[in-house]
Amino acid sequence: RIDWRPNRYGGVTPYFVCPRCRRSVWHLYLYGGHNVCRHCARLTYESRRSRSYDRLAETVHRLRMKLGGDPGFDSLIAKKPKSMHRKTYNTMCDRIFALESASWDRAAGWLGRLERKIVKGRRIKQGAFWT
């Protein structure tokens with residue numbers, strides 16, 4: 001079903017009506033053989049599912065590529081681009097170092113928690129491995 005709603009300055013805008021919850025939405029998704037909204041399908045953004053150290057690593061990779069280098073912790077930081085101010089370059093390098101350190105610290109904490117679970121001999125439930 002399509003719901004036509006009036007705009008603020010005249011005209012109308014079409015919205016889909018979710019068959020399950022009756023919300024007016026822009027997009028419907030095929031979930032379990034039915035068309036439903038993202039709320040009913042419990043869809044979320046990938047960034048909400050990723051771990052904090054993964055998000056930090058993504059930021060580091062993006063900054064490295066912005067400087068013209070290769071993404072990854074094992075690659076060197078690229079030389080200062082010709083059109084970039086030295087202060088901007090130094091600020092970006094400092095930020096890369098700080099984010100890399102924070103990412104490694106958080107990953108080490110997660111690995112430490114995982115190791116303690118393994119040493120105690122606790123069985124890790126399926127799906128609970130990443131929590």
# chains A, B, ... in the order shown; residues from 1 in each chain; ligands from 1

call {"tool": "residues_around", "arguments": {"residues": "range 26-29 of chain A", "least_positions_apart": "3", "cutoff": "7 Å", "atoms": "only C-alpha atoms", "output": "JSON, numbers by chain"}}
result
{"A": [15, 16, 35, 36, 37, 38]}

call {"tool": "residues_around", "arguments": {"residues": "range 99-116 of chain A", "least_positions_apart": "6", "cutoff": "8 Å", "atoms": "only C-alpha atoms", "output": "mmCIF file with C-alpha atoms, in the first residue's frame"}}
result
data_model
loop_
_atom_site.group_PDB
_atom_site.id
_atom_site.type_symbol
_atom_site.label_atom_id
_atom_site.label_comp_id
_atom_site.auth_asym_id
_atom_site.auth_seq_id
_atom_site.Cartn_x
_atom_site.Cartn_y
_atom_site.Cartn_z
ATOM 1 C CA SER A 52 35.296 0.273 18.911
ATOM 2 C CA TYR A 53 38.824 -0.761 17.878
ATOM 3 C CA ASP A 54 37.571 -1.600 14.383
ATOM 4 C CA LEU A 56 39.352 3.392 15.260
ATOM 5 C CA ALA A 57 41.278 1.306 12.732
ATOM 6 C CA THR A 59 39.637 6.087 10.902
ATOM 7 C CA VAL A 60 43.384 5.431 10.891
ATOM 8 C CA PHE A 73 49.123 -0.502 10.520
#

call {"tool": "closest_residue", "arguments": {"among": "A:Pro81, A:Leu63, A:Ala41, A:Gly72", "to": "Cys93 in chain A", "atoms": "only C-alpha atoms"}}
result
A:Leu63

call {"tool": "select_by_dssp", "arguments": {"residues": "range 8-130 of chain A", "states": "helix (DSSP H, G or I)", "output": "MDAnalysis selection string"}}
result
chainID A and resid 46:49 52:66 86:119

call {"tool": "residues_around", "arguments": {"residues": "Asp3 in chain A", "least_positions_apart": "6", "cutoff": "10 Å", "atoms": "only C-alpha atoms", "output": "ChimeraX atom specification"}}
result
/A:12-17,23-25

call {"tool": "closest_residue", "arguments": {"among": "A:Arg64, A:Thr91, A:Glu58, A:Arg8", "to": "Lys79 in chain A", "atoms": "only C-alpha atoms"}}
result
A:Arg64

call {"tool": "closest_residue", "arguments": {"among": "A:Leu43, A:Ile118, A:Ala78, A:Ile2", "to": "Met92 in chain A", "atoms": "only C-alpha atoms"}}
result
A:Ala78

call {"tool": "residues_around", "arguments": {"residues": "Cys40 in chain A", "least_positions_apart": "6", "cutoff": "9 Å", "atoms": "only C-alpha atoms", "output": "PyMOL selection string"}}
result
chain A and resi 18+20-21+31

call {"tool": "select_by_dssp", "arguments": {"residues": "chain A", "states": "strand (DSSP E)", "output": "VMD selection string"}}
result
chain A and resid 2 to 6 12 to 17 24 to 25 29 to 31 34 to 36

call {"tool": "write_last_selection", "arguments": {"atoms": "N, CA, C and O atoms", "output": "PDB file, in the first residue's frame"}}
result
ATOM      1  N   ILE A   2       0.435   2.288  -0.641  1.00  0.00           N
ATOM      2  CA  ILE A   2       1.166   3.547  -0.690  1.00  0.00           C
ATOM      3  C   ILE A   2       0.344   4.616   0.011  1.00  0.00           C
ATOM      4  O   ILE A   2      -0.857   4.751  -0.219  1.00  0.00           O
ATOM      5  N   ASP A   3       1.014   5.370   0.868  1.00  0.00           N
ATOM      6  CA  ASP A   3       0.380   6.438   1.632  1.00  0.00           C
ATOM      7  C   ASP A   3       0.867   7.771   1.060  1.00  0.00           C
ATOM      8  O   ASP A   3       2.075   8.010   0.988  1.00  0.00           O
ATOM      9  N   TRP A   4      -0.040   8.623   0.628  1.00  0.00           N
ATOM     10  CA  TRP A   4       0.314   9.930   0.081  1.00  0.00           C
ATOM     11  C   TRP A   4       0.158  10.965   1.182  1.00  0.00           C
ATOM     12  O   TRP A   4      -0.930  11.185   1.692  1.00  0.00           O
ATOM     13  N   ARG A   5       1.256  11.610   1.556  1.00  0.00           N
ATOM     14  CA  ARG A   5       1.229  12.593   2.638  1.00  0.00           C
ATOM     15  C   ARG A   5       1.515  13.986   2.088  1.00  0.00           C
ATOM     16  O   ARG A   5       2.384  14.153   1.229  1.00  0.00           O
ATOM     17  N   PRO A   6       0.826  14.988   2.619  1.00  0.00           N
ATOM     18  CA  PRO A   6       1.041  16.351   2.129  1.00  0.00           C
ATOM     19  C   PRO A   6       2.407  16.891   2.574  1.00  0.00           C
ATOM     20  O   PRO A   6       2.885  16.596   3.667  1.00  0.00           O
ATOM     21  N   VAL A  12       2.307  16.478  -2.608  1.00  0.00           N
ATOM     22  CA  VAL A  12       2.230  15.280  -1.775  1.00  0.00           C
ATOM     23  C   VAL A  12       3.441  14.398  -2.028  1.00  0.00           C
ATOM     24  O   VAL A  12       4.062  14.465  -3.090  1.00  0.00           O
ATOM     25  N   THR A  13       3.795  13.564  -1.041  1.00  0.00           N
ATOM     26  CA  THR A  13       4.927  12.647  -1.146  1.00  0.00           C
ATOM     27  C   THR A  13       4.442  11.234  -0.883  1.00  0.00           C
ATOM     28  O   THR A  13       3.734  10.994   0.087  1.00  0.00           O
ATOM     29  N   PRO A  14       4.843  10.291  -1.754  1.00  0.00           N
ATOM     30  CA  PRO A  14       4.417   8.900  -1.530  1.00  0.00           C
ATOM     31  C   PRO A  14       5.318   8.189  -0.512  1.00  0.00           C
ATOM     32  O   PRO A  14       6.527   8.360  -0.505  1.00  0.00           O
ATOM     33  N   TYR A  15       4.713   7.424   0.373  1.00  0.00           N
ATOM     34  CA  TYR A  15       5.419   6.581   1.338  1.00  0.00           C
ATOM     35  C   TYR A  15       4.828   5.180   1.247  1.00  0.00           C
ATOM     36  O   TYR A  15       3.642   5.011   1.007  1.00  0.00           O
ATOM     37  N   PHE A  16       5.689   4.177   1.454  1.00  0.00           N
ATOM     38  CA  PHE A  16       5.189   2.819   1.579  1.00  0.00           C
ATOM     39  C   PHE A  16       4.644   2.631   2.988  1.00  0.00           C
ATOM     40  O   PHE A  16       5.147   3.213   3.942  1.00  0.00           O
ATOM     41  N   VAL A  17       3.647   1.799   3.129  1.00  0.00           N
ATOM     42  CA  VAL A  17       3.119   1.444   4.445  1.00  0.00           C
ATOM     43  C   VAL A  17       3.594   0.023   4.744  1.00  0.00           C
ATOM     44  O   VAL A  17       3.341  -0.904   3.969  1.00  0.00           O
ATOM     45  N   SER A  24       4.674   4.492   7.981  1.00  0.00           N
ATOM     46  CA  SER A  24       4.945   5.050   6.661  1.00  0.00           C
ATOM     47  C   SER A  24       6.456   5.195   6.529  1.00  0.00           C
ATOM     48  O   SER A  24       7.084   5.907   7.316  1.00  0.00           O
ATOM     49  N   VAL A  25       7.030   4.511   5.553  1.00  0.00           N
ATOM     50  CA  VAL A  25       8.487   4.474   5.402  1.00  0.00           C
ATOM     51  C   VAL A  25       8.874   4.697   3.948  1.00  0.00           C
ATOM     52  O   VAL A  25       8.071   4.520   3.026  1.00  0.00           O
ATOM     53  N   TYR A  29      11.995  -3.769   2.841  1.00  0.00           N
ATOM     54  CA  TYR A  29      13.021  -4.779   2.631  1.00  0.00           C
ATOM     55  C   TYR A  29      12.376  -6.152   2.622  1.00  0.00           C
ATOM     56  O   TYR A  29      11.423  -6.406   3.350  1.00  0.00           O
ATOM     57  N   LEU A  30      12.926  -7.052   1.797  1.00  0.00           N
ATOM     58  CA  LEU A  30      12.447  -8.423   1.751  1.00  0.00           C
ATOM     59  C   LEU A  30      13.105  -9.183   2.893  1.00  0.00           C
ATOM     60  O   LEU A  30      14.323  -9.351   2.929  1.00  0.00           O
ATOM     61  N   TYR A  31      12.303  -9.597   3.877  1.00  0.00           N
ATOM     62  CA  TYR A  31      12.825 -10.269   5.058  1.00  0.00           C
ATOM     63  C   TYR A  31      11.902 -11.431   5.389  1.00  0.00           C
ATOM     64  O   TYR A  31      10.720 -11.234   5.665  1.00  0.00           O
ATOM     65  N   HIS A  34       8.738 -11.692   3.262  1.00  0.00           N
ATOM     66  CA  HIS A  34       7.747 -10.616   3.360  1.00  0.00           C
ATOM     67  C   HIS A  34       8.437  -9.264   3.201  1.00  0.00           C
ATOM     68  O   HIS A  34       9.599  -9.110   3.569  1.00  0.00           O
ATOM     69  N   ASN A  35       7.702  -8.301   2.699  1.00  0.00           N
ATOM     70  CA  ASN A  35       8.199  -6.940   2.634  1.00  0.00           C
ATOM     71  C   ASN A  35       7.892  -6.241   3.946  1.00  0.00           C
ATOM     72  O   ASN A  35       6.734  -6.142   4.346  1.00  0.00           O
ATOM     73  N   VAL A  36       8.946  -5.776   4.635  1.00  0.00           N
ATOM     74  CA  VAL A  36       8.788  -5.102   5.913  1.00  0.00           C
ATOM     75  C   VAL A  36       9.737  -3.913   5.981  1.00  0.00           C
ATOM     76  O   VAL A  36      10.678  -3.805   5.199  1.00  0.00           O
TER      77      VAL A  36
END
